[in-house]
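Pasted below: query-v5.cif, mmCIF, C-alpha atoms (C1' of nucleotides).
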data_upload
loop_
_atom_site.label_atom_id
_atom_site.label_comp_id
_atom_site.auth_asym_id
_atom_site.auth_seq_id
_atom_site.Cartn_x
_atom_site.Cartn_y
_atom_site.Cartn_z
CA MET A 138 106.00 107.93 54.54
CA GLU A 139 106.24 108.75 58.19
CA LYS A 140 108.43 106.79 60.50
CA THR A 141 105.43 105.69 62.55
CA ASP A 142 103.70 104.36 59.45
CA THR A 143 106.76 102.35 58.47
CA THR A 144 106.89 100.85 61.93
CA ILE A 145 103.20 100.05 61.82
CA GLN A 146 103.65 98.24 58.54
CA LYS A 147 106.49 96.19 59.97
CA VAL A 148 104.52 95.27 63.06
CA LYS A 149 101.43 94.40 61.06
CA GLN A 150 103.55 92.05 59.02
CA LYS A 151 104.84 90.46 62.21
CA ILE A 152 101.29 89.97 63.50
CA TYR A 153 100.19 88.54 60.17
CA LYS A 154 103.13 86.14 59.97
CA ALA A 155 102.37 84.89 63.45
CA GLY A 156 98.93 83.88 62.21
CA TYR A 157 96.89 86.60 63.86
CA LYS A 158 94.41 88.87 62.18
CA LEU A 159 94.88 92.53 61.47
CA THR A 160 92.04 94.40 63.08
CA SER A 161 91.45 98.11 63.32
CA GLN A 162 91.54 97.89 67.11
CA ARG A 163 95.01 96.37 67.04
CA GLU A 164 96.22 99.07 64.72
CA ASP A 165 94.66 101.82 66.84
CA ILE A 166 96.30 100.49 69.98
CA LEU A 167 99.62 100.18 68.23
CA ARG A 168 99.43 103.76 66.99
CA VAL A 169 98.74 105.03 70.49
CA LEU A 170 101.63 102.98 71.83
CA LEU A 171 103.96 104.42 69.21
CA ASP A 172 102.92 107.98 69.98
CA ASN A 173 103.30 107.65 73.74
CA GLU A 174 105.51 106.13 76.40
CA HIS A 175 104.77 104.02 79.45
CA LEU A 176 101.00 104.20 79.19
CA SER A 177 98.74 102.02 81.29
CA ALA A 178 96.02 99.83 79.78
CA GLU A 179 93.40 102.27 80.99
CA GLU A 180 95.20 105.22 79.40
CA ILE A 181 95.53 103.39 76.10
CA TYR A 182 91.85 102.48 76.26
CA LEU A 183 90.82 106.10 76.82
CA LYS A 184 93.06 107.42 74.05
CA VAL A 185 91.82 104.91 71.50
CA LYS A 186 88.26 105.51 72.60
CA SER A 187 88.56 109.28 72.23
CA GLU A 188 89.78 108.90 68.65
CA ASN A 189 87.65 106.01 67.61
CA SER A 190 84.88 105.36 70.07
CA GLY A 191 83.77 101.80 70.55
CA ILE A 192 86.61 99.72 71.88
CA GLY A 193 86.50 97.52 74.95
CA LEU A 194 89.02 97.52 77.75
CA ALA A 195 89.27 93.75 77.45
CA THR A 196 90.40 94.12 73.86
CA VAL A 197 93.12 96.48 75.00
CA TYR A 198 94.37 93.94 77.52
CA ARG A 199 94.19 91.11 75.01
CA THR A 200 96.04 93.13 72.40
CA LEU A 201 98.71 94.15 74.88
CA GLU A 202 99.23 90.53 75.76
CA LEU A 203 99.49 89.63 72.10
CA LEU A 204 101.97 92.39 71.36
CA SER A 205 104.07 91.41 74.38
CA GLU A 206 104.09 87.81 73.25
CA LEU A 207 105.34 88.91 69.82
CA ASN A 208 107.97 90.99 71.57
CA ILE A 209 106.65 94.16 70.00
CA ILE A 210 106.07 95.85 73.32
CA ASN A 211 107.35 95.51 76.87
CA LYS A 212 105.30 95.41 80.01
CA ILE A 213 106.84 97.33 82.87
CA ALA A 214 105.77 97.44 86.51
CA PHE A 215 106.66 100.23 88.87
CA GLN A 216 105.66 100.07 92.52
CA ASP A 217 102.17 101.44 92.05
CA GLY A 218 100.58 98.18 90.94
CA ILE A 219 99.71 99.39 87.45
CA SER A 220 101.35 97.81 84.43
CA ARG A 221 102.65 100.10 81.71
CA TYR A 222 103.67 99.36 78.18
CA ASP A 223 106.42 100.58 75.86
CA VAL A 224 107.12 99.77 72.25
CA ASN A 225 110.28 97.79 71.80
CA ASP A 226 112.78 99.72 69.75
CA ASN A 227 114.29 97.35 67.24
CA ASP A 228 117.52 99.28 67.11
CA ARG A 229 117.93 98.69 70.80
CA GLN A 230 118.63 95.25 72.13
CA HIS A 231 117.49 95.98 75.65
CA GLN A 232 114.79 97.78 77.50
CA HIS A 233 115.89 101.27 78.42
CA HIS A 234 115.89 102.60 81.96
CA TYR A 235 113.56 104.80 83.94
CA LEU A 236 113.96 107.74 86.27
CA LEU A 237 111.05 107.87 88.69
CA CYS A 238 110.76 111.09 90.67
CA LEU A 239 109.71 110.35 94.25
CA ASN A 240 108.42 113.89 94.66
CA CYS A 241 106.30 114.64 91.58
CA GLY A 242 105.91 111.14 90.14
CA LYS A 243 107.29 112.01 86.72
CA ILE A 244 108.86 109.18 84.74
CA ASP A 245 111.81 110.01 82.51
CA GLU A 246 113.85 107.70 80.40
CA VAL A 247 117.50 106.89 79.97
CA GLU A 248 118.18 105.74 76.47
CA LYS A 249 121.76 104.68 76.92
CA ASP A 250 122.22 101.08 78.02
CA MET A 251 125.22 101.42 80.36
CA LEU A 252 124.71 97.93 81.75
CA ILE A 253 126.81 95.93 79.33
CA ASP A 254 129.71 95.45 81.71
CA VAL A 255 127.39 94.79 84.64
CA GLU A 256 125.58 92.11 82.66
CA LYS A 257 128.82 90.43 81.68
CA GLU A 258 129.78 90.22 85.32
CA VAL A 259 126.40 88.85 86.37
CA GLU A 260 126.37 86.22 83.64
CA LYS A 261 129.84 85.05 84.63
CA SER A 262 129.32 85.05 88.40
CA TYR A 263 125.84 83.55 88.49
CA HIS A 264 125.73 81.37 85.38
CA PHE A 265 122.60 83.25 84.42
CA LYS A 266 121.83 83.91 80.75
CA ILE A 267 120.45 87.45 80.58
CA LYS A 268 117.74 88.11 78.05
CA ASP A 269 116.59 91.52 79.22
CA HIS A 270 116.55 93.81 82.21
CA ARG A 271 114.41 96.32 84.05
CA LEU A 272 116.14 99.21 85.73
CA THR A 273 114.46 102.08 87.50
CA PHE A 274 116.18 104.78 89.49
CA HIS A 275 114.20 106.35 92.29
CA GLY A 276 115.07 109.91 93.23
CA LEU A 277 114.47 113.56 92.56
CA CYS A 278 114.11 115.04 89.09
CA LYS A 279 115.80 118.25 88.00
CA LYS A 280 112.68 120.35 88.54
CA CYS A 281 112.06 119.08 92.06
CA ILE A 282 115.72 119.54 93.03
CA GLU A 283 115.53 123.14 91.84
CA GLU A 284 112.27 123.78 93.66
CA ALA A 285 113.75 122.40 96.87
CA ASP A 286 116.80 124.65 96.42
CA ASP A 287 114.59 127.68 95.86
CA GLN A 288 112.70 127.00 99.06
CA ASN A 289 115.92 126.67 101.03
CA LYS A 290 117.09 130.02 99.76
CA GLY A 291 113.92 131.61 101.02
CA MET B 111 121.67 86.90 121.14
CA GLU B 112 120.85 85.95 117.60
CA LYS B 113 121.43 88.32 114.75
CA THR B 114 117.71 88.35 113.95
CA ASP B 115 116.88 89.32 117.51
CA THR B 116 119.35 92.19 117.40
CA THR B 117 117.81 93.43 114.18
CA ILE B 118 114.33 93.13 115.63
CA GLN B 119 115.36 95.23 118.61
CA LYS B 120 116.78 97.91 116.33
CA VAL B 121 113.67 98.00 114.20
CA LYS B 122 111.38 98.09 117.22
CA GLN B 123 113.29 101.09 118.44
CA LYS B 124 112.84 102.76 115.07
CA ILE B 125 109.10 102.12 115.16
CA TYR B 126 108.88 103.41 118.71
CA LYS B 127 110.89 106.54 117.95
CA ALA B 128 108.61 107.29 115.02
CA GLY B 129 105.71 107.37 117.46
CA TYR B 130 104.10 104.07 116.54
CA LYS B 131 103.15 101.33 118.93
CA LEU B 132 104.87 97.99 119.24
CA THR B 133 102.31 95.28 118.70
CA SER B 134 102.78 91.55 118.53
CA GLN B 135 101.45 91.53 114.97
CA ARG B 136 104.11 93.96 113.85
CA GLU B 137 106.81 91.89 115.48
CA ASP B 138 105.49 88.66 113.97
CA ILE B 139 105.44 90.18 110.49
CA LEU B 140 108.93 91.54 110.94
CA ARG B 141 110.24 88.17 112.05
CA VAL B 142 108.77 86.50 108.98
CA LEU B 143 110.27 89.20 106.75
CA LEU B 144 113.68 88.68 108.32
CA ASP B 145 113.54 84.92 107.83
CA ASN B 146 112.48 85.09 104.18
CA GLU B 147 113.04 86.99 100.98
CA HIS B 148 110.69 88.58 98.50
CA LEU B 149 107.48 87.33 100.05
CA SER B 150 104.07 88.61 98.98
CA ALA B 151 101.57 90.02 101.46
CA GLU B 152 99.52 86.85 101.19
CA GLU B 153 102.54 84.67 101.91
CA ILE B 154 103.47 86.76 104.93
CA TYR B 155 99.88 86.55 106.14
CA LEU B 156 99.82 82.76 105.85
CA LYS B 157 103.17 82.33 107.58
CA VAL B 158 102.24 84.55 110.50
CA LYS B 159 98.86 82.88 110.73
CA SER B 160 100.36 79.39 110.81
CA GLU B 161 102.59 80.35 113.73
CA ASN B 162 100.22 82.57 115.60
CA SER B 163 96.70 82.22 114.31
CA GLY B 164 94.50 85.26 114.38
CA ILE B 165 95.94 87.99 112.19
CA GLY B 166 94.12 89.85 109.46
CA LEU B 167 95.37 90.38 105.94
CA ALA B 168 94.59 94.07 106.26
CA THR B 169 96.96 94.30 109.20
CA VAL B 170 99.68 92.75 107.09
CA TYR B 171 99.15 95.35 104.38
CA ARG B 172 99.05 98.18 106.89
CA THR B 173 102.21 96.98 108.60
CA LEU B 174 104.02 96.57 105.29
CA GLU B 175 103.12 100.14 104.43
CA LEU B 176 104.37 101.33 107.79
CA LEU B 177 107.64 99.45 107.48
CA SER B 178 108.15 100.78 103.96
CA GLU B 179 107.52 104.30 105.15
CA LEU B 180 110.15 103.85 107.86
CA ASN B 181 112.51 102.50 105.21
CA ILE B 182 112.79 99.19 107.03
CA ILE B 183 111.60 97.17 104.08
CA ASN B 184 111.39 97.63 100.32
CA LYS B 185 108.44 96.92 98.13
CA ILE B 186 109.35 95.34 94.83
CA ALA B 187 107.13 94.69 91.83
CA PHE B 188 107.90 92.16 89.15
CA GLN B 189 105.68 91.77 86.13
CA ASP B 190 103.14 89.47 87.75
CA GLY B 191 101.17 92.18 89.51
CA ILE B 192 101.98 91.01 93.01
CA SER B 193 104.08 93.17 95.30
CA ARG B 194 106.84 91.56 97.28
CA TYR B 195 108.80 92.79 100.25
CA ASP B 196 112.41 92.60 101.39
CA VAL B 197 114.06 93.81 104.54
CA ASN B 198 116.46 96.65 103.92
CA ASP B 199 119.97 95.69 104.88
CA ASN B 200 121.46 98.56 106.83
CA ASP B 201 124.97 97.70 105.73
CA ARG B 202 123.89 98.19 102.17
CA GLN B 203 123.02 101.60 100.86
CA HIS B 204 121.01 100.35 97.93
CA GLN B 205 118.48 97.74 97.09
CA HIS B 206 120.17 94.68 95.65
CA HIS B 207 119.31 93.22 92.28
CA TYR B 208 117.21 90.31 91.14
CA LEU B 209 117.62 87.51 88.67
CA LEU B 210 114.23 86.37 87.43
CA CYS B 211 114.24 83.10 85.50
CA LEU B 212 111.83 83.28 82.59
CA ASN B 213 111.61 79.50 82.46
CA CYS B 214 111.03 78.33 86.04
CA GLY B 215 110.15 81.63 87.72
CA LYS B 216 112.83 81.41 90.37
CA ILE B 217 114.08 84.68 91.82
CA ASP B 218 117.73 84.91 92.81
CA GLU B 219 119.59 87.84 94.18
CA VAL B 220 122.73 89.73 93.33
CA GLU B 221 124.23 91.25 96.43
CA LYS B 222 126.93 93.31 94.79
CA ASP B 223 125.87 96.80 93.80
CA MET B 224 127.81 97.25 90.53
CA LEU B 225 125.82 100.33 89.62
CA ILE B 226 127.92 103.02 91.25
CA ASP B 227 129.51 104.22 88.03
CA VAL B 228 126.21 103.99 86.15
CA GLU B 229 124.51 106.10 88.80
CA LYS B 230 127.21 108.74 88.67
CA GLU B 231 126.71 109.02 84.93
CA VAL B 232 122.94 109.24 85.22
CA GLU B 233 123.09 111.88 87.95
CA LYS B 234 125.43 113.97 85.86
CA SER B 235 123.65 113.63 82.52
CA TYR B 236 120.09 113.99 83.77
CA HIS B 237 120.46 116.22 86.82
CA PHE B 238 118.59 113.54 88.73
CA LYS B 239 119.41 112.86 92.38
CA ILE B 240 119.32 109.10 92.82
CA LYS B 241 118.00 107.77 96.12
CA ASP B 242 117.60 104.13 95.21
CA HIS B 243 117.18 101.78 92.30
CA ARG B 244 115.38 98.64 91.20
CA LEU B 245 117.20 96.31 88.84
CA THR B 246 115.93 92.97 87.65
CA PHE B 247 117.55 90.79 85.04
CA HIS B 248 115.28 88.54 83.03
CA GLY B 249 116.79 85.40 81.66
CA LEU B 250 117.61 81.77 82.30
CA CYS B 251 118.97 80.45 85.57
CA LYS B 252 121.81 77.97 85.83
CA LYS B 253 119.49 74.99 86.31
CA CYS B 254 117.32 75.82 83.31
CA ILE B 255 120.34 76.41 81.07
CA GLU B 256 121.67 72.99 82.05
CA GLU B 257 118.33 71.31 81.48
CA ALA B 258 118.07 72.89 78.05
CA ASP B 259 121.59 71.70 77.24
CA ASP B 260 120.75 68.17 78.37
CA GLN B 261 117.74 68.06 76.11
CA ASN B 262 119.77 69.23 73.14
CA LYS B 263 122.27 66.46 73.71
CA GLY B 264 119.46 63.93 73.67
"C1'" DT C 6 92.40 106.31 129.96
"C1'" DT C 7 92.84 107.54 125.26
"C1'" DG C 8 94.34 107.39 120.90
"C1'" DA C 9 96.49 103.97 117.93
"C1'" DT C 10 95.81 99.40 116.11
"C1'" DT C 11 93.32 95.39 114.97
"C1'" DG C 12 90.06 92.11 112.48
"C1'" DC C 13 86.36 91.66 109.78
"C1'" DA C 14 83.61 92.62 105.92
"C1'" DA C 15 82.77 95.56 102.25
"C1'" DA C 16 84.61 98.35 98.60
"C1'" DA C 17 87.86 99.64 95.28
"C1'" DT C 18 91.21 98.71 91.74
"C1'" DG C 19 93.37 96.35 87.97
"C1'" DT C 20 93.03 92.38 85.10
"C1'" DT C 21 90.95 88.12 83.06
"C1'" DT C 22 87.28 85.23 81.28
"C1'" DG C 23 82.75 83.42 79.12
"C1'" DC C 24 79.87 83.99 75.60
"C1'" DA C 25 77.10 85.73 71.87
"C1'" DT C 26 78.02 88.79 67.95
"C1'" DA C 27 80.91 90.71 64.37
"C1'" DA C 28 84.79 90.86 61.30
"C1'" DT C 29 88.97 88.93 58.94
"C1'" DG C 30 91.22 86.14 55.61
"C1'" DC D 110 82.56 80.37 55.27
"C1'" DA D 111 85.42 79.05 59.14
"C1'" DT D 112 87.86 80.97 62.56
"C1'" DT D 113 89.52 84.52 65.11
"C1'" DA D 114 88.57 88.69 67.50
"C1'" DT D 115 85.45 91.83 69.75
"C1'" DG D 116 82.45 94.01 73.42
"C1'" DC D 117 80.02 93.49 77.27
"C1'" DA D 118 79.29 91.88 81.79
"C1'" DA D 119 80.58 89.02 85.21
"C1'" DA D 120 84.38 86.95 87.69
"C1'" DC D 121 88.83 87.30 89.80
"C1'" DA D 122 92.87 88.76 92.45
"C1'" DT D 123 95.13 92.08 95.03
"C1'" DT D 124 94.91 95.93 97.88
"C1'" DT D 125 92.41 99.54 100.56
"C1'" DT D 126 88.92 101.34 103.64
"C1'" DG D 127 85.14 101.92 107.37
"C1'" DC D 128 84.05 100.78 111.74
"C1'" DA D 129 83.40 98.71 116.21
"C1'" DA D 130 86.23 96.25 119.42
"C1'" DT D 131 90.83 95.82 121.47
"C1'" DC D 132 95.30 96.99 123.10
"C1'" DA D 133 99.72 99.64 124.11
"C1'" DA D 134 101.57 103.37 126.49
#
Output the structure of this file as structure tokens.
Amino acid sequence: MEKTDTTIQKVKQKIYKAGYKLTSQREDILRVLLDNEHLSAEEIYLKVKSENSGIGLATVYRTLELLSELNIINKIAFQDGISRYDVNDNDRQHQHHYLLCLNCGKIDEVEKDMLIDVEKEVEKSYHFKIKDHRLTFHGLCKKCIEEADDQNKG
Amino acid sequence: MEKTDTTIQKVKQKIYKAGYKLTSQREDILRVLLDNEHLSAEEIYLKVKSENSGIGLATVYRTLELLSELNIINKIAFQDGISRYDVNDNDRQHQHHYLLCLNCGKIDEVEKDMLIDVEKEVEKSYHFKIKDHRLTFHGLCKKCIEEADDQNKG
DNA sequence: TTGATTGCAAAATGTTTGCATAATG
DNA sequence: CATTATGCAAACATTTTGCAATCAA
């Protein structure tokens, strides 16, 4: 059995236990979410539609809300006003980080947490109980740095 | 001369040097931004309007874009789909961090950077040149933790 | 004086909602 | 069979744009 299938089974169980119904649309959306990273609702809608035509955008939004509520996915907002969604990795306690290239717009990911000490300090200094975090670095990706270097050299 | 006035003079100079005109609307918006933190465009619009009636929301958006472009303010996006804006502190190289309470919605700020070592590691591992970052912690603020504790005690 | 800026209204974008129909458990 | 979920269209909220009038330099 593929890893994706195992995950789908687990998630379906979670949905079922929470008292919701298992519909083909929910499974389709979940599959797309598992196969991709930081997709927008529109992108998910188009992908599901291309594989299995006949889904509504409203269903995508409603499903994304449901999956967020069940903590199966995370909603992330960059500065462009579009929400994106990532499946929550169960092996990971926290949301990973993002590298947003200001030049080409590419979004990369940083898997390593690296914030454990920072969080400890924040919790202590501010009496704030941290549940999760969102961290995005803005800058230049490897490719764009290299292209800029090439141009400088002539 | 007040600190705010000094800052306004500096920013006006920056706008002027960039070839833009100094209008009363721009100054009004700037003043509101300096007196407040993480306001939305709508909130800025209402504040300016209440002091000096006769500004358009479109002007607010256009000015916010201009000020962002000149690196005078930062646009931040939480998960609610509304963009907020903060004046860039010149003494600080990087955007500060936010503490978003999941219970009451309050947004606090963490002034200390604390990410210097993390950034060094990211730059090295990913060949990514970091220009800025956005970090928000999601959790429970002091007040909400205390209220939850009180309820548990009876 | 002239080109940038404004305010208004209209349009565009992303998301949510109401409701009749369809599907799940 | 009773709900829950869906798809569509309409509503909504935020942001952007076109354009004539206004203002700063």
Specify as an mmCIF file with C-alpha atoms, in the coordinates of the input each residue included when the PyMOL selection byres ((chain A) within 12 of (chain C)) is applied to this file.
data_model
loop_
_atom_site.group_PDB
_atom_site.id
_atom_site.type_symbol
_atom_site.label_atom_id
_atom_site.label_comp_id
_atom_site.auth_asym_id
_atom_site.auth_seq_id
_atom_site.Cartn_x
_atom_site.Cartn_y
_atom_site.Cartn_z
ATOM 1 C CA TYR A 153 100.190 88.540 60.170
ATOM 2 C CA GLY A 156 98.930 83.880 62.210
ATOM 3 C CA TYR A 157 96.890 86.600 63.860
ATOM 4 C CA LYS A 158 94.410 88.870 62.180
ATOM 5 C CA LEU A 159 94.880 92.530 61.470
ATOM 6 C CA THR A 160 92.040 94.400 63.080
ATOM 7 C CA SER A 161 91.450 98.110 63.320
ATOM 8 C CA GLN A 162 91.540 97.890 67.110
ATOM 9 C CA SER A 177 98.740 102.020 81.290
ATOM 10 C CA ALA A 178 96.020 99.830 79.780
ATOM 11 C CA GLU A 179 93.400 102.270 80.990
ATOM 12 C CA LEU A 194 89.020 97.520 77.750
ATOM 13 C CA ALA A 195 89.270 93.750 77.450
ATOM 14 C CA THR A 196 90.400 94.120 73.860
ATOM 15 C CA VAL A 197 93.120 96.480 75.000
ATOM 16 C CA TYR A 198 94.370 93.940 77.520
ATOM 17 C CA ARG A 199 94.190 91.110 75.010
ATOM 18 C CA LEU A 201 98.710 94.150 74.880
ATOM 19 C CA GLU A 202 99.230 90.530 75.760
ATOM 20 C CA ASP A 217 102.170 101.440 92.050
ATOM 21 C CA GLY A 218 100.580 98.180 90.940
ATOM 22 C CA ILE A 219 99.710 99.390 87.450
ATOM 23 C CA SER A 220 101.350 97.810 84.430
ATOM 24 C CA ARG A 221 102.650 100.100 81.710
#
Exercise. Kindly resolve the PyMOL selection byres ((chain B) within 6 of (chain A)) on the present coordinates and return the residues as a PyMOL selection string.
Key: chain B and resi 187+189+237-252
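With distances taken over all atoms listed in the file, D:DT124 is the one residue among D:DA119, D:DT131, D:DT124, D:DA111 lying closest to chain A.
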Given the file above and the PyMOL selection byres ((chain D) within 9 of (chain B)), which residues are selected, and can you give them as a compact mmCIF listing (two decimals) with C-alpha atoms (C1' of nucleotides), in the coordinates of the input?
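Saved as expr31.txt:
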# COMPACT_ATOMS: atom_id res chain seq x y z
C1' DT D 123 95.13 92.08 95.03
C1' DT D 124 94.91 95.93 97.88
C1' DT D 125 92.41 99.54 100.56
C1' DC D 132 95.30 96.99 123.10
C1' DA D 133 99.72 99.64 124.11
C1' DA D 134 101.57 103.37 126.49
Reconstruct region 201-210 of chain A at the level of all heavy atoms, and format the result as a PDB file, in the coordinates of the input.
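The resulting file, result.pdb, is shown below:
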ATOM      1  N   LEU A 201      97.432  93.917  74.214  1.00  0.00           N
ATOM      2  CA  LEU A 201      98.710  94.150  74.880  1.00  0.00           C
ATOM      3  C   LEU A 201      99.422  92.838  75.165  1.00  0.00           C
ATOM      4  O   LEU A 201     100.641  92.733  75.020  1.00  0.00           O
ATOM      5  CB  LEU A 201      98.494  94.936  76.175  1.00  0.00           C
ATOM      6  CG  LEU A 201      98.050  96.389  75.990  1.00  0.00           C
ATOM      7  CD1 LEU A 201      97.673  97.015  77.315  1.00  0.00           C
ATOM      8  CD2 LEU A 201      99.126  97.208  75.295  1.00  0.00           C
ATOM      9  N   GLU A 202      98.638  91.834  75.513  1.00  0.00           N
ATOM     10  CA  GLU A 202      99.230  90.530  75.760  1.00  0.00           C
ATOM     11  C   GLU A 202      99.815  89.948  74.472  1.00  0.00           C
ATOM     12  O   GLU A 202     100.917  89.412  74.447  1.00  0.00           O
ATOM     13  CB  GLU A 202      98.180  89.585  76.336  1.00  0.00           C
ATOM     14  CG  GLU A 202      98.790  88.437  77.124  1.00  0.00           C
ATOM     15  CD  GLU A 202      97.789  87.332  77.386  1.00  0.00           C
ATOM     16  OE1 GLU A 202      96.603  87.656  77.615  1.00  0.00           O
ATOM     17  OE2 GLU A 202      98.184  86.147  77.338  1.00  0.00           O
ATOM     18  N   LEU A 203      99.044  90.111  73.407  1.00  0.00           N
ATOM     19  CA  LEU A 203      99.490  89.630  72.100  1.00  0.00           C
ATOM     20  C   LEU A 203     100.774  90.308  71.661  1.00  0.00           C
ATOM     21  O   LEU A 203     101.735  89.657  71.235  1.00  0.00           O
ATOM     22  CB  LEU A 203      98.376  89.883  71.072  1.00  0.00           C
ATOM     23  CG  LEU A 203      98.702  89.578  69.610  1.00  0.00           C
ATOM     24  CD1 LEU A 203      98.748  88.089  69.383  1.00  0.00           C
ATOM     25  CD2 LEU A 203      97.680  90.223  68.693  1.00  0.00           C
ATOM     26  N   LEU A 204     100.804  91.623  71.785  1.00  0.00           N
ATOM     27  CA  LEU A 204     101.970  92.390  71.360  1.00  0.00           C
ATOM     28  C   LEU A 204     103.200  92.078  72.222  1.00  0.00           C
ATOM     29  O   LEU A 204     104.330  92.091  71.735  1.00  0.00           O
ATOM     30  CB  LEU A 204     101.671  93.889  71.377  1.00  0.00           C
ATOM     31  CG  LEU A 204     100.599  94.383  70.391  1.00  0.00           C
ATOM     32  CD1 LEU A 204     100.314  95.860  70.604  1.00  0.00           C
ATOM     33  CD2 LEU A 204     101.013  94.129  68.948  1.00  0.00           C
ATOM     34  N   SER A 205     102.961  91.789  73.499  1.00  0.00           N
ATOM     35  CA  SER A 205     104.070  91.410  74.380  1.00  0.00           C
ATOM     36  C   SER A 205     104.629  90.057  73.953  1.00  0.00           C
ATOM     37  O   SER A 205     105.844  89.867  73.889  1.00  0.00           O
ATOM     38  CB  SER A 205     103.596  91.304  75.823  1.00  0.00           C
ATOM     39  OG  SER A 205     103.232  92.564  76.327  1.00  0.00           O
ATOM     40  N   GLU A 206     103.718  89.162  73.660  1.00  0.00           N
ATOM     41  CA  GLU A 206     104.090  87.810  73.250  1.00  0.00           C
ATOM     42  C   GLU A 206     104.934  87.864  71.979  1.00  0.00           C
ATOM     43  O   GLU A 206     105.889  87.102  71.828  1.00  0.00           O
ATOM     44  CB  GLU A 206     102.786  87.050  73.001  1.00  0.00           C
ATOM     45  CG  GLU A 206     102.923  85.594  72.659  1.00  0.00           C
ATOM     46  CD  GLU A 206     101.569  85.074  72.151  1.00  0.00           C
ATOM     47  OE1 GLU A 206     100.536  85.340  72.807  1.00  0.00           O
ATOM     48  OE2 GLU A 206     101.546  84.440  71.074  1.00  0.00           O
ATOM     49  N   LEU A 207     104.599  88.776  71.074  1.00  0.00           N
ATOM     50  CA  LEU A 207     105.340  88.910  69.820  1.00  0.00           C
ATOM     51  C   LEU A 207     106.572  89.801  69.990  1.00  0.00           C
ATOM     52  O   LEU A 207     107.243  90.132  69.022  1.00  0.00           O
ATOM     53  CB  LEU A 207     104.431  89.487  68.734  1.00  0.00           C
ATOM     54  CG  LEU A 207     103.250  88.603  68.307  1.00  0.00           C
ATOM     55  CD1 LEU A 207     102.414  89.309  67.263  1.00  0.00           C
ATOM     56  CD2 LEU A 207     103.757  87.262  67.765  1.00  0.00           C
ATOM     57  N   ASN A 208     106.804  90.191  71.255  1.00  0.00           N
ATOM     58  CA  ASN A 208     107.970  90.990  71.570  1.00  0.00           C
ATOM     59  C   ASN A 208     107.968  92.365  70.898  1.00  0.00           C
ATOM     60  O   ASN A 208     109.011  92.952  70.631  1.00  0.00           O
ATOM     61  CB  ASN A 208     109.239  90.219  71.195  1.00  0.00           C
ATOM     62  CG  ASN A 208     110.372  90.542  72.133  1.00  0.00           C
ATOM     63  OD1 ASN A 208     110.122  90.868  73.296  1.00  0.00           O
ATOM     64  ND2 ASN A 208     111.585  90.485  71.645  1.00  0.00           N
ATOM     65  N   ILE A 209     106.786  92.848  70.625  1.00  0.00           N
ATOM     66  CA  ILE A 209     106.650  94.160  70.000  1.00  0.00           C
ATOM     67  C   ILE A 209     106.624  95.244  71.073  1.00  0.00           C
ATOM     68  O   ILE A 209     107.092  96.350  70.861  1.00  0.00           O
ATOM     69  CB  ILE A 209     105.366  94.200  69.138  1.00  0.00           C
ATOM     70  CG1 ILE A 209     105.526  93.255  67.942  1.00  0.00           C
ATOM     71  CG2 ILE A 209     105.054  95.614  68.675  1.00  0.00           C
ATOM     72  CD1 ILE A 209     104.238  92.872  67.274  1.00  0.00           C
ATOM     73  N   ILE A 210     106.068  94.906  72.211  1.00  0.00           N
ATOM     74  CA  ILE A 210     106.070  95.850  73.320  1.00  0.00           C
ATOM     75  C   ILE A 210     106.590  95.173  74.591  1.00  0.00           C
ATOM     76  O   ILE A 210     106.704  93.946  74.636  1.00  0.00           O
ATOM     77  CB  ILE A 210     104.647  96.402  73.610  1.00  0.00           C
ATOM     78  CG1 ILE A 210     103.695  95.274  73.996  1.00  0.00           C
ATOM     79  CG2 ILE A 210     104.127  97.174  72.415  1.00  0.00           C
ATOM     80  CD1 ILE A 210     102.333  95.749  74.464  1.00  0.00           C
TER      81      ILE A 210
END
